file work17.cif (mmCIF, C-alpha atoms)
data_coords
loop_
_atom_site.group_PDB
_atom_site.id
_atom_site.type_symbol
_atom_site.label_atom_id
_atom_site.label_comp_id
_atom_site.auth_asym_id
_atom_site.auth_seq_id
_atom_site.Cartn_x
_atom_site.Cartn_y
_atom_site.Cartn_z
ATOM 1 C CA MET A 1 25.692 4.257 12.769
ATOM 2 C CA SER A 2 27.961 3.091 15.535
ATOM 3 C CA LEU A 3 26.380 0.891 18.146
ATOM 4 C CA SER A 4 27.765 0.342 21.571
ATOM 5 C CA PRO A 5 28.057 -3.214 22.837
ATOM 6 C CA MET A 6 25.401 -2.278 25.380
ATOM 7 C CA ASP A 7 22.747 -1.815 22.679
ATOM 8 C CA SER A 8 20.431 -4.762 22.744
ATOM 9 C CA LEU A 9 17.867 -5.955 20.279
ATOM 10 C CA GLY A 10 15.141 -4.962 22.747
ATOM 11 C CA GLU A 11 16.380 -1.363 22.843
ATOM 12 C CA ILE A 12 16.385 -1.223 19.059
ATOM 13 C CA ARG A 13 12.868 -2.637 18.895
ATOM 14 C CA HIS A 14 11.787 -0.094 21.494
ATOM 15 C CA ARG A 15 13.144 2.764 19.345
ATOM 16 C CA HIS A 16 11.398 1.374 16.245
ATOM 17 C CA PRO A 17 8.059 -0.082 17.392
ATOM 18 C CA LEU A 18 5.833 -1.962 14.976
ATOM 19 C CA ARG A 19 2.781 -0.040 13.829
ATOM 20 C CA ASN A 20 0.068 -0.188 11.198
ATOM 21 C CA SER A 21 0.842 2.705 8.846
ATOM 22 C CA HIS A 22 -2.258 1.952 6.763
ATOM 23 C CA GLU A 23 -4.549 2.457 9.764
ATOM 24 C CA GLU A 24 -2.685 5.574 10.885
ATOM 25 C CA VAL A 25 -3.324 7.265 7.532
ATOM 26 C CA ARG A 26 -6.902 5.969 7.413
ATOM 27 C CA LYS A 27 -7.652 7.594 10.791
ATOM 28 C CA ARG A 28 -6.400 10.957 9.521
ATOM 29 C CA LEU A 29 -8.618 10.876 6.414
ATOM 30 C CA GLY A 30 -11.616 13.191 6.394
ATOM 31 C CA CYS A 31 -15.154 12.095 5.588
ATOM 32 C CA GLY A 32 -14.854 13.278 1.971
ATOM 33 C CA ASP A 33 -11.560 11.459 1.478
ATOM 34 C CA ARG A 34 -13.008 8.246 2.896
ATOM 35 C CA PHE A 35 -16.005 8.525 0.577
ATOM 36 C CA ALA A 36 -13.737 9.197 -2.413
ATOM 37 C CA LEU A 37 -11.540 6.241 -1.441
ATOM 38 C CA TYR A 38 -14.606 4.000 -1.170
ATOM 39 C CA ILE A 39 -15.854 5.110 -4.615
ATOM 40 C CA SER A 40 -12.372 4.685 -6.132
ATOM 41 C CA ASN A 41 -12.127 1.179 -4.743
ATOM 42 C CA LYS A 42 -15.571 0.239 -6.076
ATOM 43 C CA VAL A 43 -15.321 1.933 -9.491
ATOM 44 C CA GLY A 44 -11.879 0.480 -10.093
ATOM 45 C CA THR A 45 -13.162 -3.094 -10.030
ATOM 46 C CA THR A 46 -13.900 -5.459 -12.879
ATOM 47 C CA VAL A 47 -17.435 -5.937 -11.560
ATOM 48 C CA PHE A 48 -18.204 -2.219 -11.976
ATOM 49 C CA GLY A 49 -16.786 -2.265 -15.489
ATOM 50 C CA MET A 50 -18.887 -5.296 -16.393
ATOM 51 C CA ILE A 51 -22.059 -3.726 -14.930
ATOM 52 C CA LEU A 52 -21.413 -0.525 -16.892
ATOM 53 C CA CYS A 53 -20.740 -2.410 -20.143
ATOM 54 C CA ILE A 54 -23.796 -4.640 -19.727
ATOM 55 C CA SER A 55 -26.096 -1.737 -18.905
ATOM 56 C CA ILE A 56 -24.887 0.418 -21.822
ATOM 57 C CA THR A 57 -24.994 -2.508 -24.251
ATOM 58 C CA SER A 58 -28.489 -3.516 -23.136
ATOM 59 C CA TRP A 59 -29.672 0.093 -23.452
ATOM 60 C CA ILE A 60 -28.278 0.385 -26.988
ATOM 61 C CA VAL A 61 -29.614 -3.017 -28.081
ATOM 62 C CA GLY A 62 -32.976 -2.315 -26.440
ATOM 63 C CA HIS A 63 -33.379 0.976 -28.286
ATOM 64 C CA LEU A 64 -32.124 -0.285 -31.637
ATOM 65 C CA SER A 65 -34.364 -3.354 -31.482
ATOM 66 C CA GLY A 66 -37.405 -1.271 -30.530
ATOM 67 C CA PHE A 67 -37.843 -3.093 -27.214
ATOM 68 C CA LEU A 68 -37.262 0.094 -25.165
ATOM 69 C CA LYS A 69 -39.139 3.196 -26.232
ATOM 70 C CA LEU A 70 -38.203 5.578 -23.428
ATOM 71 C CA ASP A 71 -37.167 8.405 -25.705
ATOM 72 C CA PRO A 72 -37.546 9.228 -29.402
ATOM 73 C CA PRO A 73 -34.924 7.617 -31.663
ATOM 74 C CA VAL A 74 -33.678 11.042 -32.759
ATOM 75 C CA TYR A 75 -32.475 11.860 -29.238
ATOM 76 C CA PHE A 76 -31.167 8.403 -28.404
ATOM 77 C CA PHE A 77 -27.425 8.971 -28.976
ATOM 78 C CA ALA A 78 -27.581 12.504 -27.577
ATOM 79 C CA TRP A 79 -29.216 11.118 -24.412
ATOM 80 C CA LEU A 80 -26.674 8.279 -24.227
ATOM 81 C CA SER A 81 -23.788 10.736 -24.631
ATOM 82 C CA LEU A 82 -25.221 13.061 -21.985
ATOM 83 C CA THR A 83 -25.689 10.190 -19.529
ATOM 84 C CA LEU A 84 -22.146 8.913 -19.996
ATOM 85 C CA ASN A 85 -20.706 12.431 -19.694
ATOM 86 C CA VAL A 86 -22.590 13.006 -16.435
ATOM 87 C CA ILE A 87 -21.202 9.735 -15.059
ATOM 88 C CA GLN A 88 -17.684 10.830 -16.033
ATOM 89 C CA ILE A 89 -18.090 14.318 -14.584
ATOM 90 C CA LEU A 90 -19.364 12.944 -11.288
ATOM 91 C CA LEU A 91 -16.775 10.196 -10.948
ATOM 92 C CA LEU A 92 -13.645 12.057 -12.087
ATOM 93 C CA PRO A 93 -13.188 14.270 -8.984
ATOM 94 C CA LEU A 94 -14.005 11.349 -6.693
ATOM 95 C CA LEU A 95 -11.497 9.110 -8.449
ATOM 96 C CA LEU A 96 -8.786 11.773 -8.254
ATOM 97 C CA ALA A 97 -9.433 12.368 -4.555
ATOM 98 C CA GLY A 98 -9.405 8.606 -3.949
ATOM 99 C CA GLN A 99 -6.118 8.263 -5.787
ATOM 100 C CA ASN A 100 -4.655 11.061 -3.661
ATOM 101 C CA ALA A 101 -5.719 9.218 -0.512
ATOM 102 C CA GLN A 102 -4.196 5.993 -1.863
ATOM 103 C CA GLU A 103 -0.995 7.907 -2.621
ATOM 104 C CA ARG A 104 -0.828 9.171 0.977
ATOM 105 C CA GLN A 105 -1.241 5.588 2.192
ATOM 106 C CA ALA A 106 1.509 4.378 -0.133
ATOM 107 C CA LYS A 107 3.797 7.188 1.017
ATOM 108 C CA ALA A 108 3.198 6.315 4.686
ATOM 109 C CA ARG A 109 3.850 2.648 3.899
ATOM 110 C CA GLY A 110 7.124 3.600 2.191
ATOM 111 C CA GLU A 111 8.244 5.669 5.183
ATOM 112 C CA TYR A 112 7.355 2.794 7.501
ATOM 113 C CA ASP A 113 9.306 0.374 5.293
ATOM 114 C CA LEU A 114 12.298 2.693 5.602
ATOM 115 C CA ASP A 115 11.942 2.595 9.409
ATOM 116 C CA ILE A 116 11.829 -1.209 9.296
ATOM 117 C CA ASP A 117 14.940 -1.252 7.094
ATOM 118 C CA LYS A 118 16.787 0.985 9.566
ATOM 119 C CA LYS A 119 15.700 -1.238 12.449
ATOM 120 C CA THR A 120 16.841 -4.347 10.594
ATOM 121 C CA GLU A 121 20.211 -2.758 9.844
ATOM 122 C CA GLU A 122 20.702 -1.834 13.505
ATOM 123 C CA GLU A 123 19.711 -5.335 14.636
ATOM 124 C CA THR A 124 22.081 -6.875 12.095
ATOM 125 C CA ASP A 125 24.912 -4.650 13.347
ATOM 126 C CA VAL A 126 24.256 -5.782 16.939
ATOM 127 C CA VAL A 127 24.246 -9.447 15.925
ATOM 128 C CA VAL A 128 27.470 -9.034 13.910
ATOM 129 C CA GLN A 129 29.153 -7.288 16.843
ATOM 130 C CA GLN A 130 28.086 -10.093 19.181
ATOM 131 C CA LEU A 131 29.372 -12.720 16.752
ATOM 132 C CA GLU A 132 32.706 -10.915 16.427
ATOM 133 C CA ARG A 133 32.978 -10.706 20.210
ATOM 134 C CA GLN A 134 32.198 -14.437 20.525
ATOM 135 C CA ASN A 135 34.749 -15.218 17.808
ATOM 136 C CA LYS A 136 37.437 -13.303 19.720
ATOM 137 C CA MET A 137 36.515 -15.170 22.913
ATOM 138 C CA LEU A 138 36.734 -18.534 21.104
ATOM 139 C CA VAL A 139 40.115 -17.649 19.644
ATOM 140 C CA ALA A 140 41.318 -16.615 23.114
ATOM 141 C CA LEU A 141 40.038 -19.909 24.598
ATOM 142 C CA LEU A 142 41.725 -21.935 21.873
ATOM 143 C CA GLU A 143 45.019 -20.092 22.398
ATOM 144 C CA LYS A 144 44.703 -20.551 26.171
ATOM 145 C CA HIS A 145 44.487 -24.321 25.650
ATOM 146 C CA GLY A 146 47.412 -24.299 23.241
ATOM 147 C CA ILE A 147 45.412 -24.895 20.079
ATOM 148 C CA ALA A 148 46.124 -22.731 17.067
ATOM 149 C CA PRO A 149 42.894 -21.288 15.606
ATOM 150 C CA GLN A 150 44.049 -22.324 12.111
ATOM 151 C CA GLU A 151 44.016 -26.005 13.189
ATOM 152 C CA VAL A 152 40.286 -25.948 13.921
#
call {"tool": "encode", "arguments": {"input": "work17.cif", "output": "structure tokens"}}
result
Amino acid sequence: MSLSPMDSLGEIRHRHPLRNSHEEVRKRLGCGDRFALYISNKVGTTVFGMILCISITSWIVGHLSGFLKLDPPVYFFAWLSLTLNVIQILLLPLLLAGQNAQERQAKARGEYDLDIDKKTEEETDVVVQQLERQNKMLVALLEKHGIAPQEV
């Protein structure tokens, strides 16, 4: 991209304003997407995994030790399997929807990063042009005073 000497850093910053891409995407999310994102963020934590492991382990140990007698021993593993399958069936669509929302946020962040990169490149071009112009002026001043630029 060719920049004219009249382009200033302010004009470039005006063409590429700073914005919060994360909040922009978050505002466009529907109620269901926000709920799915919330569940994805909570289920994807170590704390949730620990709570799930502790509760399942305590249920198994409680039934095998005879401490809990909520259901007959014959149905214990069938009931455990059914409970875990229900948890999976309920969480799977929410996790997928949450991941889709996170993907949209990541995509928006990537596009914004590209905008920032373009802005930085334009600003760098302006600075380089100004430095080249100053260098030419210094060389002209040195030559005007009879000093060879190679001597400096």
call {"tool": "closest_atom_pairs", "arguments": {"input": "work17.cif", "of": "range 77-121 of chain A", "to": "range 21-25 of chain A", "cutoff": "9 Å", "atoms": "all atoms listed in the file", "output": "Markdown table"}}
result
| residue | atom | partner | partner_atom | distance |
| --- | --- | --- | --- | --- |
| A:Ala101 | CA | A:Val25 | CA | 8.6 |
| A:Arg104 | CA | A:Val25 | CA | 7.3 |
| A:Gln105 | CA | A:His22 | CA | 5.9 |
| A:Ala106 | CA | A:His22 | CA | 8.2 |
| A:Ala108 | CA | A:Ser21 | CA | 6.0 |
| A:Arg109 | CA | A:Ser21 | CA | 5.8 |
| A:Glu111 | CA | A:Ser21 | CA | 8.8 |
| A:Tyr112 | CA | A:Ser21 | CA | 6.7 |
call {"tool": "atom_distance", "arguments": {"input": "work17.cif", "atom1": "CA of Arg19 in chain A", "atom2": "CA of Asn41 in chain A"}}
result
23.8 Å
call {"tool": "closest_residue", "arguments": {"input": "work17.cif", "among": "A:Ile51, A:Leu9, A:Ala97, A:Leu91", "to": "Val127 in chain A", "atoms": "only C-alpha atoms"}}
result
A:Leu9
call {"tool": "atom_distance", "arguments": {"input": "work17.cif", "atom1": "CA of Cys31 in chain A", "atom2": "CA of Gln88 in chain A"}}
result
21.8 Å
call {"tool": "resolve_selection", "arguments": {"input": "work17.cif", "expression": "the PyMOL selection byres ((chain A and resi 36) around 8)", "output": "NGL selection string"}}
result
:A and (32-35 or 37-40 or 94-95 or 97-98)
call {"tool": "write_last_selection", "arguments": {"input": "work17.cif", "atoms": "C-alpha atoms", "output": "compact mmCIF listing (two decimals), in the frame of the given file"}}
result
# COMPACT_ATOMS: atom_id res chain seq x y z
CA GLY A 32 -14.85 13.28 1.97
CA ASP A 33 -11.56 11.46 1.48
CA ARG A 34 -13.01 8.25 2.90
CA PHE A 35 -16.00 8.52 0.58
CA LEU A 37 -11.54 6.24 -1.44
CA TYR A 38 -14.61 4.00 -1.17
CA ILE A 39 -15.85 5.11 -4.62
CA SER A 40 -12.37 4.68 -6.13
CA LEU A 94 -14.00 11.35 -6.69
CA LEU A 95 -11.50 9.11 -8.45
CA ALA A 97 -9.43 12.37 -4.56
CA GLY A 98 -9.40 8.61 -3.95
call {"tool": "closest_residue", "arguments": {"input": "work17.cif", "among": "A:Leu96, A:Ile116, A:Ile56, A:Ile147", "to": "Leu84 in chain A", "atoms": "all atoms listed in the file"}}
result
A:Ile56
call {"tool": "closest_residue", "arguments": {"input": "work17.cif", "among": "A:Thr83, A:Val47, A:Ser65, A:Asp115", "to": "Leu18 in chain A", "atoms": "all atoms listed in the file"}}
result
A:Asp115
call {"tool": "atom_distance", "arguments": {"input": "work17.cif", "atom1": "CA of Gly49 in chain A", "atom2": "CA of Phe67 in chain A"}}
result
24.1 Å
call {"tool": "closest_residue", "arguments": {"input": "work17.cif", "among": "A:Asn135, A:Gln150, A:Asn100, A:Ile60", "to": "Ser81 in chain A", "atoms": "only C-alpha atoms"}}
result
A:Ile60
call {"tool": "closest_atom_pairs", "arguments": {"input": "work17.cif", "of": "range 6-81 of chain A", "to": "range 120-124 of chain A", "cutoff": "9 Å", "atoms": "all atoms listed in the file", "output": "tab-separated table"}}
result
residue	atom	partner	partner_atom	distance
A:Ser8	CA	A:Glu123	CA	8.2
A:Leu9	CA	A:Glu123	CA	6.0
A:Ile12	CA	A:Glu123	CA	6.9
A:Arg13	CA	A:Glu123	CA	8.5
call {"tool": "closest_residue", "arguments": {"input": "work17.cif", "among": "A:Lys107, A:Leu29, A:Ala140, A:Val43", "to": "Ile87 in chain A", "atoms": "all atoms listed in the file"}}
result
A:Val43
call {"tool": "closest_residue", "arguments": {"input": "work17.cif", "among": "A:Gly110, A:Lys119, A:Ser58, A:Gln129", "to": "Gly10 in chain A", "atoms": "all atoms listed in the file"}}
result
A:Lys119
call {"tool": "resolve_selection", "arguments": {"input": "work17.cif", "expression": "the PyMOL selection byres ((chain A and resi 149) around 12)", "output": "list in words"}}
result
Asn135, Lys136, Met137, Leu138, Val139, Ala140, Leu141, Leu142, Glu143, Lys144, His145, Gly146, Ile147, Ala148, Gln150, Glu151 and Val152 of chain A
call {"tool": "decode", "arguments": {"input": "work17.cif", "residues": "range 51-139 of chain A", "atoms": "C-alpha atoms", "output": "PDB file, in the first residue's frame"}}
result
ATOM      1  CA  ILE A  51     -16.729 -32.811  41.890  1.00  0.00           C
ATOM      2  CA  LEU A  52     -17.884 -35.403  39.349  1.00  0.00           C
ATOM      3  CA  CYS A  53     -15.109 -37.854  40.279  1.00  0.00           C
ATOM      4  CA  ILE A  54     -15.695 -37.423  44.015  1.00  0.00           C
ATOM      5  CA  SER A  55     -19.455 -37.841  43.712  1.00  0.00           C
ATOM      6  CA  ILE A  56     -19.218 -40.954  41.508  1.00  0.00           C
ATOM      7  CA  THR A  57     -16.497 -42.492  43.676  1.00  0.00           C
ATOM      8  CA  SER A  58     -18.434 -41.807  46.878  1.00  0.00           C
ATOM      9  CA  TRP A  59     -21.588 -43.285  45.330  1.00  0.00           C
ATOM     10  CA  ILE A  60     -19.751 -46.455  44.275  1.00  0.00           C
ATOM     11  CA  VAL A  61     -17.929 -46.825  47.606  1.00  0.00           C
ATOM     12  CA  GLY A  62     -21.125 -46.074  49.531  1.00  0.00           C
ATOM     13  CA  HIS A  63     -23.063 -48.773  47.697  1.00  0.00           C
ATOM     14  CA  LEU A  64     -20.306 -51.378  47.783  1.00  0.00           C
ATOM     15  CA  SER A  65     -19.700 -50.822  51.495  1.00  0.00           C
ATOM     16  CA  GLY A  66     -23.419 -51.033  52.285  1.00  0.00           C
ATOM     17  CA  PHE A  67     -23.509 -47.488  53.679  1.00  0.00           C
ATOM     18  CA  LEU A  68     -25.981 -46.294  51.003  1.00  0.00           C
ATOM     19  CA  LYS A  69     -28.997 -48.474  50.345  1.00  0.00           C
ATOM     20  CA  LEU A  70     -30.925 -46.285  47.916  1.00  0.00           C
ATOM     21  CA  ASP A  71     -31.469 -49.004  45.354  1.00  0.00           C
ATOM     22  CA  PRO A  72     -31.100 -52.792  45.255  1.00  0.00           C
ATOM     23  CA  PRO A  73     -27.561 -54.021  44.518  1.00  0.00           C
ATOM     24  CA  VAL A  74     -28.758 -55.744  41.342  1.00  0.00           C
ATOM     25  CA  TYR A  75     -29.664 -52.411  39.736  1.00  0.00           C
ATOM     26  CA  PHE A  76     -26.698 -50.461  41.064  1.00  0.00           C
ATOM     27  CA  PHE A  77     -24.472 -50.470  37.951  1.00  0.00           C
ATOM     28  CA  ALA A  78     -27.452 -50.116  35.616  1.00  0.00           C
ATOM     29  CA  TRP A  79     -28.575 -47.051  37.604  1.00  0.00           C
ATOM     30  CA  LEU A  80     -25.025 -45.654  37.638  1.00  0.00           C
ATOM     31  CA  SER A  81     -24.709 -46.164  33.873  1.00  0.00           C
ATOM     32  CA  LEU A  82     -28.088 -44.542  33.235  1.00  0.00           C
ATOM     33  CA  THR A  83     -27.201 -41.537  35.398  1.00  0.00           C
ATOM     34  CA  LEU A  84     -23.866 -40.991  33.671  1.00  0.00           C
ATOM     35  CA  ASN A  85     -25.448 -41.380  30.223  1.00  0.00           C
ATOM     36  CA  VAL A  86     -28.112 -38.794  31.068  1.00  0.00           C
ATOM     37  CA  ILE A  87     -25.397 -36.367  32.186  1.00  0.00           C
ATOM     38  CA  GLN A  88     -23.549 -36.937  28.902  1.00  0.00           C
ATOM     39  CA  ILE A  89     -26.679 -36.570  26.780  1.00  0.00           C
ATOM     40  CA  LEU A  90     -27.616 -33.318  28.487  1.00  0.00           C
ATOM     41  CA  LEU A  91     -24.148 -31.789  28.417  1.00  0.00           C
ATOM     42  CA  LEU A  92     -23.027 -32.791  24.910  1.00  0.00           C
ATOM     43  CA  PRO A  93     -25.246 -30.362  22.933  1.00  0.00           C
ATOM     44  CA  LEU A  94     -24.499 -27.565  25.395  1.00  0.00           C
ATOM     45  CA  LEU A  95     -20.764 -28.171  25.141  1.00  0.00           C
ATOM     46  CA  LEU A  96     -20.895 -28.201  21.339  1.00  0.00           C
ATOM     47  CA  ALA A  97     -22.908 -24.977  21.237  1.00  0.00           C
ATOM     48  CA  GLY A  98     -20.494 -23.395  23.725  1.00  0.00           C
ATOM     49  CA  GLN A  99     -17.530 -24.442  21.622  1.00  0.00           C
ATOM     50  CA  ASN A 100     -19.185 -22.909  18.555  1.00  0.00           C
ATOM     51  CA  ALA A 101     -19.615 -19.633  20.432  1.00  0.00           C
ATOM     52  CA  GLN A 102     -15.971 -19.772  21.549  1.00  0.00           C
ATOM     53  CA  GLU A 103     -14.963 -20.415  17.936  1.00  0.00           C
ATOM     54  CA  ARG A 104     -16.875 -17.317  16.789  1.00  0.00           C
ATOM     55  CA  GLN A 105     -15.066 -15.287  19.451  1.00  0.00           C
ATOM     56  CA  ALA A 106     -11.699 -16.662  18.352  1.00  0.00           C
ATOM     57  CA  LYS A 107     -12.512 -15.904  14.717  1.00  0.00           C
ATOM     58  CA  ALA A 108     -13.474 -12.310  15.572  1.00  0.00           C
ATOM     59  CA  ARG A 109     -10.273 -11.956  17.601  1.00  0.00           C
ATOM     60  CA  GLY A 110      -8.252 -13.229  14.629  1.00  0.00           C
ATOM     61  CA  GLU A 111      -9.904 -10.745  12.265  1.00  0.00           C
ATOM     62  CA  TYR A 112      -9.245  -7.947  14.749  1.00  0.00           C
ATOM     63  CA  ASP A 113      -5.603  -9.034  15.049  1.00  0.00           C
ATOM     64  CA  LEU A 114      -5.350  -8.813  11.266  1.00  0.00           C
ATOM     65  CA  ASP A 115      -6.732  -5.250  11.412  1.00  0.00           C
ATOM     66  CA  ILE A 116      -4.150  -4.363  14.067  1.00  0.00           C
ATOM     67  CA  ASP A 117      -1.391  -5.866  11.909  1.00  0.00           C
ATOM     68  CA  LYS A 118      -2.519  -3.786   8.920  1.00  0.00           C
ATOM     69  CA  LYS A 119      -2.618  -0.664  11.083  1.00  0.00           C
ATOM     70  CA  THR A 120       0.857  -1.381  12.428  1.00  0.00           C
ATOM     71  CA  GLU A 121       2.197  -1.899   8.909  1.00  0.00           C
ATOM     72  CA  GLU A 122       0.709   1.409   7.749  1.00  0.00           C
ATOM     73  CA  GLU A 123       2.114   3.232  10.787  1.00  0.00           C
ATOM     74  CA  THR A 124       5.529   1.672  10.200  1.00  0.00           C
ATOM     75  CA  ASP A 125       5.440   2.781   6.554  1.00  0.00           C
ATOM     76  CA  VAL A 126       4.643   6.361   7.629  1.00  0.00           C
ATOM     77  CA  VAL A 127       7.484   6.377  10.157  1.00  0.00           C
ATOM     78  CA  VAL A 128       9.943   4.950   7.599  1.00  0.00           C
ATOM     79  CA  GLN A 129       8.898   7.568   5.041  1.00  0.00           C
ATOM     80  CA  GLN A 130       9.387  10.333   7.608  1.00  0.00           C
ATOM     81  CA  LEU A 131      12.810   8.969   8.548  1.00  0.00           C
ATOM     82  CA  GLU A 132      13.841   8.790   4.889  1.00  0.00           C
ATOM     83  CA  ARG A 133      12.665  12.365   4.367  1.00  0.00           C
ATOM     84  CA  GLN A 134      14.625  13.515   7.443  1.00  0.00           C
ATOM     85  CA  ASN A 135      17.692  11.618   6.220  1.00  0.00           C
ATOM     86  CA  LYS A 136      17.511  13.408   2.857  1.00  0.00           C
ATOM     87  CA  MET A 137      17.176  16.759   4.642  1.00  0.00           C
ATOM     88  CA  LEU A 138      20.212  15.985   6.837  1.00  0.00           C
ATOM     89  CA  VAL A 139      22.272  14.985   3.818  1.00  0.00           C
TER      90      VAL A 139
END
